[in-house]
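Visitor: CSV, N, CA and C atoms, file coords09.csv:
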chain,number,residue,atom,x,y,z
A,1256,MET,N,33.8,18.1,49.9
A,1256,MET,CA,32.4,17.7,49.8
A,1256,MET,C,31.6,18.9,50.2
A,1257,GLY,N,31.9,19.5,51.3
A,1257,GLY,CA,31.0,20.6,51.7
A,1257,GLY,C,31.2,21.9,50.9
A,1258,LEU,N,32.4,22.2,50.4
A,1258,LEU,CA,32.6,23.4,49.6
A,1258,LEU,C,31.8,23.2,48.3
A,1259,GLY,N,31.9,22.0,47.7
A,1259,GLY,CA,31.1,21.8,46.5
A,1259,GLY,C,29.6,21.9,46.7
A,1260,TYR,N,29.2,21.4,47.8
A,1260,TYR,CA,27.7,21.4,48.1
A,1260,TYR,C,27.2,22.9,48.2
A,1261,TYR,N,28.0,23.7,48.9
A,1261,TYR,CA,27.6,25.1,49.1
A,1261,TYR,C,28.0,26.1,48.0
A,1262,LEU,N,29.0,25.7,47.1
A,1262,LEU,CA,29.5,26.7,46.2
A,1262,LEU,C,29.3,26.3,44.7
A,1263,SER,N,29.2,25.0,44.4
A,1263,SER,CA,29.2,24.7,42.9
A,1263,SER,C,28.2,23.6,42.5
A,1264,GLU,N,27.7,22.8,43.4
A,1264,GLU,CA,27.0,21.7,43.0
A,1264,GLU,C,25.5,21.9,42.8
A,1265,LEU,N,25.2,22.7,41.7
A,1265,LEU,CA,23.8,23.0,41.4
A,1265,LEU,C,23.2,21.8,40.5
A,1266,THR,N,22.1,21.2,41.0
A,1266,THR,CA,21.5,20.1,40.3
A,1266,THR,C,20.3,20.7,39.5
A,1267,LYS,N,20.2,20.3,38.3
A,1267,LYS,CA,19.1,20.8,37.4
A,1267,LYS,C,18.4,19.6,36.9
A,1268,TYR,N,17.0,19.7,36.9
A,1268,TYR,CA,16.2,18.6,36.4
A,1268,TYR,C,15.3,19.1,35.2
A,1269,ASP,N,15.0,18.2,34.3
A,1269,ASP,CA,14.1,18.5,33.2
A,1269,ASP,C,12.7,18.7,33.8
A,1270,PRO,N,12.1,19.8,33.5
A,1270,PRO,CA,10.8,20.0,34.1
A,1270,PRO,C,9.7,19.1,33.6
A,1271,GLU,N,9.9,18.6,32.4
A,1271,GLU,CA,8.9,17.7,31.9
A,1271,GLU,C,9.1,16.2,32.3
A,1272,SER,N,10.3,15.7,32.1
A,1272,SER,CA,10.5,14.3,32.4
A,1272,SER,C,11.0,14.0,33.8
A,1273,GLY,N,11.6,15.1,34.5
A,1273,GLY,CA,12.1,14.9,35.8
A,1273,GLY,C,13.5,14.3,35.8
A,1274,CYS,N,14.1,14.1,34.6
A,1274,CYS,CA,15.5,13.5,34.5
A,1274,CYS,C,16.5,14.5,35.0
A,1275,LEU,N,17.5,14.0,35.6
A,1275,LEU,CA,18.6,14.8,36.1
A,1275,LEU,C,19.5,15.3,34.9
A,1276,LEU,N,19.7,16.6,34.7
A,1276,LEU,CA,20.4,17.1,33.6
A,1276,LEU,C,21.9,17.4,33.9
A,1277,THR,N,22.2,17.5,35.2
A,1277,THR,CA,23.6,17.7,35.5
A,1277,THR,C,24.2,16.4,36.1
A,1278,ASN,N,24.3,15.4,35.3
A,1278,ASN,CA,24.7,14.1,35.7
A,1278,ASN,C,26.1,13.7,35.3
A,1279,ASN,N,26.9,14.6,34.7
A,1279,ASN,CA,28.3,14.3,34.4
A,1279,ASN,C,29.1,15.5,34.5
A,1280,THR,N,30.4,15.4,34.3
A,1280,THR,CA,31.3,16.6,34.5
A,1280,THR,C,31.3,17.6,33.5
A,1281,TRP,N,30.5,17.4,32.4
A,1281,TRP,CA,30.3,18.5,31.4
A,1281,TRP,C,29.4,19.6,32.0
A,1282,GLU,N,28.4,19.2,32.8
A,1282,GLU,CA,27.5,20.2,33.4
A,1282,GLU,C,27.7,20.3,34.9
A,1283,TYR,N,28.2,19.3,35.5
A,1283,TYR,CA,28.4,19.3,37.0
A,1283,TYR,C,29.9,19.5,37.3
A,1284,LYS,N,30.2,20.5,38.1
A,1284,LYS,CA,31.6,20.8,38.4
A,1284,LYS,C,31.9,20.6,39.9
A,1285,PRO,N,32.2,19.4,40.3
A,1285,PRO,CA,32.7,19.2,41.7
A,1285,PRO,C,34.0,19.8,41.9
A,1286,PRO,N,34.4,20.2,43.1
A,1286,PRO,CA,35.7,20.8,43.4
A,1286,PRO,C,36.8,19.7,43.1
A,1287,SER,N,37.9,20.1,42.7
A,1287,SER,CA,39.0,19.2,42.4
A,1287,SER,C,40.3,19.6,43.2
A,1288,ALA,N,41.4,18.9,43.0
A,1288,ALA,CA,42.6,19.2,43.7
A,1288,ALA,C,43.1,20.6,43.5
A,1289,LYS,N,42.8,21.2,42.4
A,1289,LYS,CA,43.3,22.5,42.1
A,1289,LYS,C,42.5,23.6,42.8
A,1290,ASP,N,41.4,23.2,43.5
A,1290,ASP,CA,40.6,24.2,44.2
A,1290,ASP,C,41.1,24.3,45.7
A,1291,ILE,N,42.1,23.5,46.1
A,1291,ILE,CA,42.6,23.6,47.4
A,1291,ILE,C,43.6,24.8,47.5
A,1292,PRO,N,43.5,25.7,48.5
A,1292,PRO,CA,44.4,26.8,48.6
A,1292,PRO,C,45.9,26.4,48.6
A,1293,ILE,N,46.7,27.2,48.0
A,1293,ILE,CA,48.2,26.8,47.9
A,1293,ILE,C,48.8,26.8,49.3
A,1294,ASP,N,48.4,27.8,50.2
A,1294,ASP,CA,48.9,27.8,51.5
A,1294,ASP,C,47.7,27.3,52.4
A,1295,PHE,N,47.8,26.0,52.8
A,1295,PHE,CA,46.7,25.4,53.5
A,1295,PHE,C,47.4,24.7,54.8
A,1296,ARG,N,47.3,25.4,55.9
A,1296,ARG,CA,48.0,25.0,57.1
A,1296,ARG,C,47.0,24.3,58.0
A,1297,VAL,N,47.4,23.1,58.5
A,1297,VAL,CA,46.6,22.3,59.4
A,1297,VAL,C,47.5,22.0,60.6
A,1298,LYS,N,47.0,22.1,61.8
A,1298,LYS,CA,47.8,21.9,63.0
A,1298,LYS,C,47.0,20.8,63.8
A,1299,LEU,N,47.6,19.7,64.1
A,1299,LEU,CA,47.0,18.7,64.9
A,1299,LEU,C,47.4,18.9,66.4
A,1300,LEU,N,46.4,18.6,67.2
A,1300,LEU,CA,46.7,18.8,68.7
A,1300,LEU,C,47.4,17.7,69.2
A,1301,ARG,N,48.4,18.0,70.0
A,1301,ARG,CA,49.2,16.9,70.7
A,1301,ARG,C,48.6,16.6,72.1
A,1302,ASP,N,48.7,15.4,72.5
A,1302,ASP,CA,48.2,15.0,73.8
A,1302,ASP,C,46.8,15.5,74.1
A,1303,ALA,N,45.9,15.3,73.2
A,1303,ALA,CA,44.5,15.7,73.4
A,1303,ALA,C,43.6,14.5,73.1
A,1304,PRO,N,43.7,13.4,74.0
A,1304,PRO,CA,42.9,12.2,73.7
A,1304,PRO,C,41.4,12.5,74.0
A,1305,ASN,N,40.6,11.7,73.3
A,1305,ASN,CA,39.1,11.7,73.5
A,1305,ASN,C,38.7,10.3,73.8
A,1306,PRO,N,38.6,9.9,75.1
A,1306,PRO,CA,38.3,8.5,75.4
A,1306,PRO,C,36.9,8.1,75.1
A,1307,VAL,N,36.0,9.0,74.9
A,1307,VAL,CA,34.6,8.7,74.7
A,1307,VAL,C,34.2,8.7,73.2
A,1308,GLY,N,35.2,9.2,72.3
A,1308,GLY,CA,34.9,9.2,70.9
A,1308,GLY,C,35.1,7.9,70.2
A,1309,PHE,N,34.5,7.7,69.1
A,1309,PHE,CA,34.7,6.5,68.3
A,1309,PHE,C,36.1,6.3,67.9
A,1310,LEU,N,36.8,5.3,68.3
A,1310,LEU,CA,38.2,5.1,68.1
A,1310,LEU,C,39.0,6.3,68.5
A,1311,ARG,N,38.6,7.0,69.6
A,1311,ARG,CA,39.2,8.1,70.2
A,1311,ARG,C,39.2,9.3,69.2
A,1312,SER,N,38.3,9.4,68.3
A,1312,SER,CA,38.3,10.5,67.3
A,1312,SER,C,37.7,11.7,67.9
A,1313,LYS,N,38.1,12.9,67.4
A,1313,LYS,CA,37.5,14.1,67.9
A,1313,LYS,C,36.1,14.4,67.2
A,1314,ALA,N,36.1,14.1,65.9
A,1314,ALA,CA,34.8,14.2,65.2
A,1314,ALA,C,35.0,13.4,63.9
A,1315,CYS,N,33.9,13.0,63.4
A,1315,CYS,CA,33.9,12.3,62.1
A,1315,CYS,C,32.5,12.5,61.5
A,1316,GLY,N,32.4,12.5,60.2
A,1316,GLY,CA,31.1,12.6,59.5
A,1316,GLY,C,30.7,14.0,59.2
A,1317,GLU,N,29.7,14.5,59.8
A,1317,GLU,CA,29.1,15.8,59.5
A,1317,GLU,C,29.8,17.0,59.9
A,1318,PRO,N,30.6,17.1,61.0
A,1318,PRO,CA,31.2,18.4,61.4
A,1318,PRO,C,31.9,19.1,60.3
A,1319,PRO,N,32.7,18.5,59.5
A,1319,PRO,CA,33.4,19.2,58.4
A,1319,PRO,C,32.3,19.8,57.4
A,1320,LEU,N,31.3,19.0,57.2
A,1320,LEU,CA,30.2,19.5,56.3
A,1320,LEU,C,29.5,20.7,56.9
A,1321,CYS,N,29.3,20.7,58.1
A,1321,CYS,CA,28.6,21.8,58.8
A,1321,CYS,C,29.5,23.1,58.8
A,1322,MET,N,30.8,22.9,59.0
A,1322,MET,CA,31.7,24.0,59.0
A,1322,MET,C,31.9,24.7,57.6
A,1323,SER,N,31.6,23.9,56.6
A,1323,SER,CA,31.8,24.5,55.2
A,1323,SER,C,30.7,25.5,54.8
A,1324,CYS,N,29.7,25.6,55.6
A,1324,CYS,CA,28.7,26.6,55.3
A,1324,CYS,C,29.3,28.0,55.5
A,1325,SER,N,30.4,28.1,56.2
A,1325,SER,CA,31.0,29.4,56.3
A,1325,SER,C,31.5,30.0,55.0
A,1326,ALA,N,31.8,29.1,54.0
A,1326,ALA,CA,32.1,29.6,52.7
A,1326,ALA,C,30.9,30.3,52.0
A,1327,LEU,N,29.8,29.7,52.2
A,1327,LEU,CA,28.5,30.3,51.6
A,1327,LEU,C,28.3,31.7,52.3
A,1328,PHE,N,28.5,31.8,53.6
A,1328,PHE,CA,28.3,33.1,54.3
A,1328,PHE,C,29.3,34.1,53.8
A,1329,ALA,N,30.5,33.6,53.6
A,1329,ALA,CA,31.6,34.6,53.1
A,1329,ALA,C,31.2,35.1,51.7
A,1330,VAL,N,30.7,34.3,50.8
A,1330,VAL,CA,30.3,34.7,49.5
A,1330,VAL,C,29.1,35.7,49.6
A,1331,ARG,N,28.2,35.4,50.5
A,1331,ARG,CA,27.1,36.3,50.7
A,1331,ARG,C,27.5,37.7,51.2
A,1332,GLN,N,28.5,37.7,52.2
A,1332,GLN,CA,29.0,38.9,52.7
A,1332,GLN,C,29.7,39.7,51.6
A,1333,ALA,N,30.4,39.0,50.7
A,1333,ALA,CA,31.1,39.7,49.6
A,1333,ALA,C,30.1,40.3,48.7
A,1334,VAL,N,29.0,39.6,48.4
A,1334,VAL,CA,27.9,40.1,47.5
A,1334,VAL,C,27.3,41.3,48.2
A,1335,GLU,N,27.0,41.3,49.4
A,1335,GLU,CA,26.4,42.4,50.2
A,1335,GLU,C,27.3,43.6,50.2
A,1336,ALA,N,28.6,43.4,50.4
A,1336,ALA,CA,29.6,44.5,50.4
A,1336,ALA,C,29.6,45.1,49.0
A,1337,PHE,N,29.6,44.3,47.9
A,1337,PHE,CA,29.6,44.9,46.6
A,1337,PHE,C,28.4,45.7,46.3
A,1338,ARG,N,27.2,45.2,46.8
A,1338,ARG,CA,26.0,45.9,46.6
A,1338,ARG,C,26.0,47.2,47.3
A,1339,ASP,N,26.5,47.2,48.6
A,1339,ASP,CA,26.6,48.4,49.4
A,1339,ASP,C,27.5,49.4,48.7
A,1340,ALA,N,28.6,49.0,48.2
A,1340,ALA,CA,29.6,49.9,47.5
A,1340,ALA,C,29.0,50.5,46.3
A,1341,HIS,N,28.0,49.9,45.7
A,1341,HIS,CA,27.4,50.4,44.4
A,1341,HIS,C,26.0,50.9,44.6
A,1342,GLY,N,25.7,51.3,45.9
A,1342,GLY,CA,24.4,52.0,46.2
A,1342,GLY,C,23.2,51.1,46.1
A,1343,LYS,N,23.3,49.8,46.4
A,1343,LYS,CA,22.2,48.9,46.4
A,1343,LYS,C,22.1,48.1,47.7
A,1344,PRO,N,22.0,48.8,48.8
A,1344,PRO,CA,21.9,48.1,50.1
A,1344,PRO,C,20.6,47.4,50.3
A,1345,GLY,N,20.5,46.5,51.3
A,1345,GLY,CA,19.3,45.9,51.6
A,1345,GLY,C,19.4,44.4,51.6
A,1346,TYR,N,18.3,43.7,52.0
A,1346,TYR,CA,18.2,42.3,52.1
A,1346,TYR,C,18.3,41.7,50.7
A,1347,ILE,N,19.0,40.6,50.6
A,1347,ILE,CA,19.0,39.8,49.4
A,1347,ILE,C,18.8,38.3,49.7
A,1348,ARG,N,18.0,37.6,49.0
A,1348,ARG,CA,17.8,36.2,49.2
A,1348,ARG,C,19.0,35.5,48.5
A,1349,PHE,N,19.7,34.7,49.2
A,1349,PHE,CA,21.0,34.1,48.7
A,1349,PHE,C,21.0,32.6,49.1
A,1350,ASP,N,20.5,31.7,48.2
A,1350,ASP,CA,20.4,30.3,48.5
A,1350,ASP,C,21.6,29.6,48.0
A,1351,ALA,N,21.9,28.4,48.6
A,1351,ALA,CA,23.0,27.6,48.2
A,1351,ALA,C,22.5,26.7,47.0
A,1352,PRO,N,23.4,26.4,46.1
A,1352,PRO,CA,24.8,26.7,46.0
A,1352,PRO,C,25.0,28.1,45.5
A,1353,ALA,N,26.1,28.7,45.9
A,1353,ALA,CA,26.4,30.1,45.5
A,1353,ALA,C,27.3,30.0,44.3
A,1354,THR,N,26.7,29.6,43.1
A,1354,THR,CA,27.5,29.5,41.9
A,1354,THR,C,27.9,30.8,41.4
A,1355,VAL,N,28.8,30.9,40.5
A,1355,VAL,CA,29.2,32.2,39.9
A,1355,VAL,C,28.0,32.9,39.4
A,1356,GLU,N,27.2,32.2,38.6
A,1356,GLU,CA,26.0,32.9,38.0
A,1356,GLU,C,25.1,33.4,39.1
A,1357,ARG,N,24.8,32.7,40.1
A,1357,ARG,CA,23.9,33.1,41.1
A,1357,ARG,C,24.5,34.3,41.9
A,1358,SER,N,25.8,34.3,42.1
A,1358,SER,CA,26.5,35.4,42.9
A,1358,SER,C,26.4,36.7,42.1
A,1359,LEU,N,26.7,36.6,40.8
A,1359,LEU,CA,26.6,37.8,39.9
A,1359,LEU,C,25.2,38.3,39.8
A,1360,LEU,N,24.2,37.4,39.7
A,1360,LEU,CA,22.9,37.9,39.7
A,1360,LEU,C,22.4,38.6,41.0
A,1361,ALA,N,22.9,38.0,42.1
A,1361,ALA,CA,22.5,38.6,43.4
A,1361,ALA,C,23.2,40.0,43.6
A,1362,ALA,N,24.4,40.1,43.0
A,1362,ALA,CA,25.2,41.3,43.2
A,1362,ALA,C,24.7,42.4,42.2
A,1363,GLU,N,23.9,42.0,41.2
A,1363,GLU,CA,23.4,42.8,40.2
A,1363,GLU,C,24.5,43.5,39.4
A,1364,VAL,N,25.5,42.6,39.0
A,1364,VAL,CA,26.6,43.1,38.2
A,1364,VAL,C,26.1,43.3,36.7
A,1365,SER,N,26.4,44.4,36.1
A,1365,SER,CA,26.0,44.7,34.8
A,1365,SER,C,27.3,44.6,33.9
A,1366,PRO,N,27.1,44.3,32.6
A,1366,PRO,CA,28.2,44.1,31.7
A,1366,PRO,C,29.2,45.3,31.6
A,1367,ASP,N,28.6,46.5,31.8
A,1367,ASP,CA,29.5,47.7,31.7
A,1367,ASP,C,30.5,47.8,32.9
A,1368,MET,N,30.2,47.0,34.0
A,1368,MET,CA,31.1,47.0,35.2
A,1368,MET,C,32.2,46.0,34.9
A,1369,LEU,N,32.2,45.2,33.8
A,1369,LEU,CA,33.2,44.2,33.6
A,1369,LEU,C,34.2,44.7,32.5
A,1370,THR,N,34.3,46.0,32.3
A,1370,THR,CA,35.3,46.5,31.3
A,1370,THR,C,36.5,47.0,32.0
A,1371,TYR,N,37.6,46.9,31.4
A,1371,TYR,CA,38.9,47.4,32.0
A,1371,TYR,C,39.2,48.8,31.4
A,1372,SER,N,39.4,49.7,32.3
A,1372,SER,CA,39.8,51.1,31.9
A,1372,SER,C,41.0,51.5,32.7
A,1373,ALA,N,42.1,51.9,32.0
A,1373,ALA,CA,43.3,52.3,32.7
A,1373,ALA,C,43.3,53.8,33.2
Using the file provided, produce a representation of the structure as structure tokens.
Guide:
Amino acid sequence: MGLGYYLSELTKYDPESGCLLTNNTWEYKPPSAKDIPIDFRVKLLRDAPNPVGFLRSKACGEPPLCMSCSALFAVRQAVEAFRDAHGKPGYIRFDAPATVERSLLAAEVSPDMLTYSA
């Protein structure tokens, strides 16, 4: 949920009617099972009860969503590193969601940079 919110879930509205244009999976691309890393290691803590939590839970609800903003910051750092490497340092406005299109525009990638030369 959080990765989609910060990286791919761009909503677009018709400026005249106000109707949502990204209302199905042709235009709207939520993350799927194939977007999970192949090596995804999770470790659960043993003997770590939380008597004051709801049903002894450590966290529920928003904490995972809040932690997913780190993906947005990682993409922003990658764009800044690319810009620095190509002589374009400085502040950039980088709003969520960090779609591929927005990331390429922020990095100022030109088509001649996308050619392969051996």
Visitor: Could you tell me which of A:Tyr1283, A:Leu1359, A:Thr1266, A:Arg1331 comes closest to Tyr1346 in chain A if we count only C-alpha atoms?
Guide: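 Ranking A:Tyr1283, A:Leu1359, A:Thr1266, A:Arg1331 by distance to Tyr1346 in chain A, first place goes to A:Arg1331.
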Visitor: What's the separation between atom N of Tyr1371 in chain A and atom C of Ala1326 in chain A, in Å to one decimal place?
Guide: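 Atom-to-atom, atom N of Tyr1371 in chain A and atom C of Ala1326 in chain A are spaced 27.3 Å apart.
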Visitor: Measure the distance from CA of Ile1293 in chain A to CA of Leu1265 in chain A in Å and round it to one decimal.
Guide: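 A separation of 25.5 Å between them.
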Visitor: Quick one: everything within 12 Å of Asn1278 in chain A, counting only C-alpha atoms, minus sequence neighbours fewer than 4 positions away in the same chain. Send it as a PyMOL selection string.
Guide: chain A and resi 1264-1269+1274+1282-1285
Visitor: Taking only N, CA and C atoms into account, name the residue in A:Ser1323, A:Ala1303, A:Met1256, A:Phe1349 that is nearest to Pro1286 in chain A.
Guide: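 Among the listed residues, A:Met1256 lies closest to Pro1286 in chain A.
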Visitor: What's the separation between atom C of Ala1362 in chain A and CA of Val1334 in chain A, in Å to one decimal place?
Guide: 6.6 Å
Visitor: Give as a CSV table (one decimal) with N, CA and C atoms, in the coordinates of the input the set of residues within 7 Å of the point (27.6, 43.0, 43.0), where distances use the file's coordinates and all atoms listed in the file.
Guide:
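Output saved as part-v6.csv:
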chain,number,residue,atom,x,y,z
A,1333,ALA,N,30.4,39.0,50.7
A,1333,ALA,CA,31.1,39.7,49.6
A,1333,ALA,C,30.1,40.3,48.7
A,1334,VAL,N,29.0,39.6,48.4
A,1334,VAL,CA,27.9,40.1,47.5
A,1334,VAL,C,27.3,41.3,48.2
A,1335,GLU,N,27.0,41.3,49.4
A,1335,GLU,CA,26.4,42.4,50.2
A,1335,GLU,C,27.3,43.6,50.2
A,1336,ALA,N,28.6,43.4,50.4
A,1336,ALA,CA,29.6,44.5,50.4
A,1336,ALA,C,29.6,45.1,49.0
A,1337,PHE,N,29.6,44.3,47.9
A,1337,PHE,CA,29.6,44.9,46.6
A,1337,PHE,C,28.4,45.7,46.3
A,1338,ARG,N,27.2,45.2,46.8
A,1338,ARG,CA,26.0,45.9,46.6
A,1338,ARG,C,26.0,47.2,47.3
A,1358,SER,N,25.8,34.3,42.1
A,1358,SER,CA,26.5,35.4,42.9
A,1358,SER,C,26.4,36.7,42.1
A,1359,LEU,N,26.7,36.6,40.8
A,1359,LEU,CA,26.6,37.8,39.9
A,1359,LEU,C,25.2,38.3,39.8
A,1361,ALA,N,22.9,38.0,42.1
A,1361,ALA,CA,22.5,38.6,43.4
A,1361,ALA,C,23.2,40.0,43.6
A,1362,ALA,N,24.4,40.1,43.0
A,1362,ALA,CA,25.2,41.3,43.2
A,1362,ALA,C,24.7,42.4,42.2
A,1363,GLU,N,23.9,42.0,41.2
A,1363,GLU,CA,23.4,42.8,40.2
A,1363,GLU,C,24.5,43.5,39.4
A,1364,VAL,N,25.5,42.6,39.0
A,1364,VAL,CA,26.6,43.1,38.2
A,1364,VAL,C,26.1,43.3,36.7
Visitor: Could you give me range 1337-1361 of chain A completed to N, CA, C and O atoms, formatted as an mmCIF file, in the frame of the given file?
Guide:
data_model
loop_
_atom_site.group_PDB
_atom_site.id
_atom_site.type_symbol
_atom_site.label_atom_id
_atom_site.label_comp_id
_atom_site.auth_asym_id
_atom_site.auth_seq_id
_atom_site.Cartn_x
_atom_site.Cartn_y
_atom_site.Cartn_z
ATOM 1 N N PHE A 1337 29.600 44.300 47.900
ATOM 2 C CA PHE A 1337 29.600 44.900 46.600
ATOM 3 C C PHE A 1337 28.400 45.700 46.300
ATOM 4 O O PHE A 1337 28.442 46.790 45.769
ATOM 5 N N ARG A 1338 27.200 45.200 46.800
ATOM 6 C CA ARG A 1338 26.000 45.900 46.600
ATOM 7 C C ARG A 1338 26.000 47.200 47.300
ATOM 8 O O ARG A 1338 25.539 48.258 46.844
ATOM 9 N N ASP A 1339 26.500 47.200 48.600
ATOM 10 C CA ASP A 1339 26.600 48.400 49.400
ATOM 11 C C ASP A 1339 27.500 49.400 48.700
ATOM 12 O O ASP A 1339 27.165 50.637 48.697
ATOM 13 N N ALA A 1340 28.600 49.000 48.200
ATOM 14 C CA ALA A 1340 29.600 49.900 47.500
ATOM 15 C C ALA A 1340 29.000 50.500 46.300
ATOM 16 O O ALA A 1340 29.436 51.575 45.833
ATOM 17 N N HIS A 1341 28.000 49.900 45.700
ATOM 18 C CA HIS A 1341 27.400 50.400 44.400
ATOM 19 C C HIS A 1341 26.000 50.900 44.600
ATOM 20 O O HIS A 1341 25.195 51.040 43.717
ATOM 21 N N GLY A 1342 25.700 51.300 45.900
ATOM 22 C CA GLY A 1342 24.400 52.000 46.200
ATOM 23 C C GLY A 1342 23.200 51.100 46.100
ATOM 24 O O GLY A 1342 22.095 51.582 45.848
ATOM 25 N N LYS A 1343 23.300 49.800 46.400
ATOM 26 C CA LYS A 1343 22.200 48.900 46.400
ATOM 27 C C LYS A 1343 22.100 48.100 47.700
ATOM 28 O O LYS A 1343 22.097 46.879 47.677
ATOM 29 N N PRO A 1344 22.000 48.800 48.800
ATOM 30 C CA PRO A 1344 21.900 48.100 50.100
ATOM 31 C C PRO A 1344 20.600 47.400 50.300
ATOM 32 O O PRO A 1344 19.649 47.614 49.547
ATOM 33 N N GLY A 1345 20.500 46.500 51.300
ATOM 34 C CA GLY A 1345 19.300 45.900 51.600
ATOM 35 C C GLY A 1345 19.400 44.400 51.600
ATOM 36 O O GLY A 1345 20.413 43.801 51.256
ATOM 37 N N TYR A 1346 18.300 43.700 52.000
ATOM 38 C CA TYR A 1346 18.200 42.300 52.100
ATOM 39 C C TYR A 1346 18.300 41.700 50.700
ATOM 40 O O TYR A 1346 17.607 42.142 49.772
ATOM 41 N N ILE A 1347 19.000 40.600 50.600
ATOM 42 C CA ILE A 1347 19.000 39.800 49.400
ATOM 43 C C ILE A 1347 18.800 38.300 49.700
ATOM 44 O O ILE A 1347 19.286 37.842 50.768
ATOM 45 N N ARG A 1348 18.000 37.600 49.000
ATOM 46 C CA ARG A 1348 17.800 36.200 49.200
ATOM 47 C C ARG A 1348 19.000 35.500 48.500
ATOM 48 O O ARG A 1348 19.267 35.743 47.300
ATOM 49 N N PHE A 1349 19.700 34.700 49.200
ATOM 50 C CA PHE A 1349 21.000 34.100 48.700
ATOM 51 C C PHE A 1349 21.000 32.600 49.100
ATOM 52 O O PHE A 1349 21.397 32.228 50.174
ATOM 53 N N ASP A 1350 20.500 31.700 48.200
ATOM 54 C CA ASP A 1350 20.400 30.300 48.500
ATOM 55 C C ASP A 1350 21.600 29.600 48.000
ATOM 56 O O ASP A 1350 22.332 30.022 47.104
ATOM 57 N N ALA A 1351 21.900 28.400 48.600
ATOM 58 C CA ALA A 1351 23.000 27.600 48.200
ATOM 59 C C ALA A 1351 22.500 26.700 47.000
ATOM 60 O O ALA A 1351 21.295 26.460 46.897
ATOM 61 N N PRO A 1352 23.400 26.400 46.100
ATOM 62 C CA PRO A 1352 24.800 26.700 46.000
ATOM 63 C C PRO A 1352 25.000 28.100 45.500
ATOM 64 O O PRO A 1352 24.274 28.587 44.612
ATOM 65 N N ALA A 1353 26.100 28.700 45.900
ATOM 66 C CA ALA A 1353 26.400 30.100 45.500
ATOM 67 C C ALA A 1353 27.300 30.000 44.300
ATOM 68 O O ALA A 1353 28.516 30.232 44.314
ATOM 69 N N THR A 1354 26.700 29.600 43.100
ATOM 70 C CA THR A 1354 27.500 29.500 41.900
ATOM 71 C C THR A 1354 27.900 30.800 41.400
ATOM 72 O O THR A 1354 27.380 31.859 41.914
ATOM 73 N N VAL A 1355 28.800 30.900 40.500
ATOM 74 C CA VAL A 1355 29.200 32.200 39.900
ATOM 75 C C VAL A 1355 28.000 32.900 39.400
ATOM 76 O O VAL A 1355 27.837 34.123 39.593
ATOM 77 N N GLU A 1356 27.200 32.200 38.600
ATOM 78 C CA GLU A 1356 26.000 32.900 38.000
ATOM 79 C C GLU A 1356 25.100 33.400 39.100
ATOM 80 O O GLU A 1356 24.661 34.581 38.952
ATOM 81 N N ARG A 1357 24.800 32.700 40.100
ATOM 82 C CA ARG A 1357 23.900 33.100 41.100
ATOM 83 C C ARG A 1357 24.500 34.300 41.900
ATOM 84 O O ARG A 1357 23.796 35.259 42.266
ATOM 85 N N SER A 1358 25.800 34.300 42.100
ATOM 86 C CA SER A 1358 26.500 35.400 42.900
ATOM 87 C C SER A 1358 26.400 36.700 42.100
ATOM 88 O O SER A 1358 26.164 37.738 42.587
ATOM 89 N N LEU A 1359 26.700 36.600 40.800
ATOM 90 C CA LEU A 1359 26.600 37.800 39.900
ATOM 91 C C LEU A 1359 25.200 38.300 39.800
ATOM 92 O O LEU A 1359 25.040 39.546 39.813
ATOM 93 N N LEU A 1360 24.200 37.400 39.700
ATOM 94 C CA LEU A 1360 22.900 37.900 39.700
ATOM 95 C C LEU A 1360 22.400 38.600 41.000
ATOM 96 O O LEU A 1360 21.775 39.618 40.958
ATOM 97 N N ALA A 1361 22.900 38.000 42.100
ATOM 98 C CA ALA A 1361 22.500 38.600 43.400
ATOM 99 C C ALA A 1361 23.200 40.000 43.600
ATOM 100 O O ALA A 1361 22.678 40.877 44.169
#
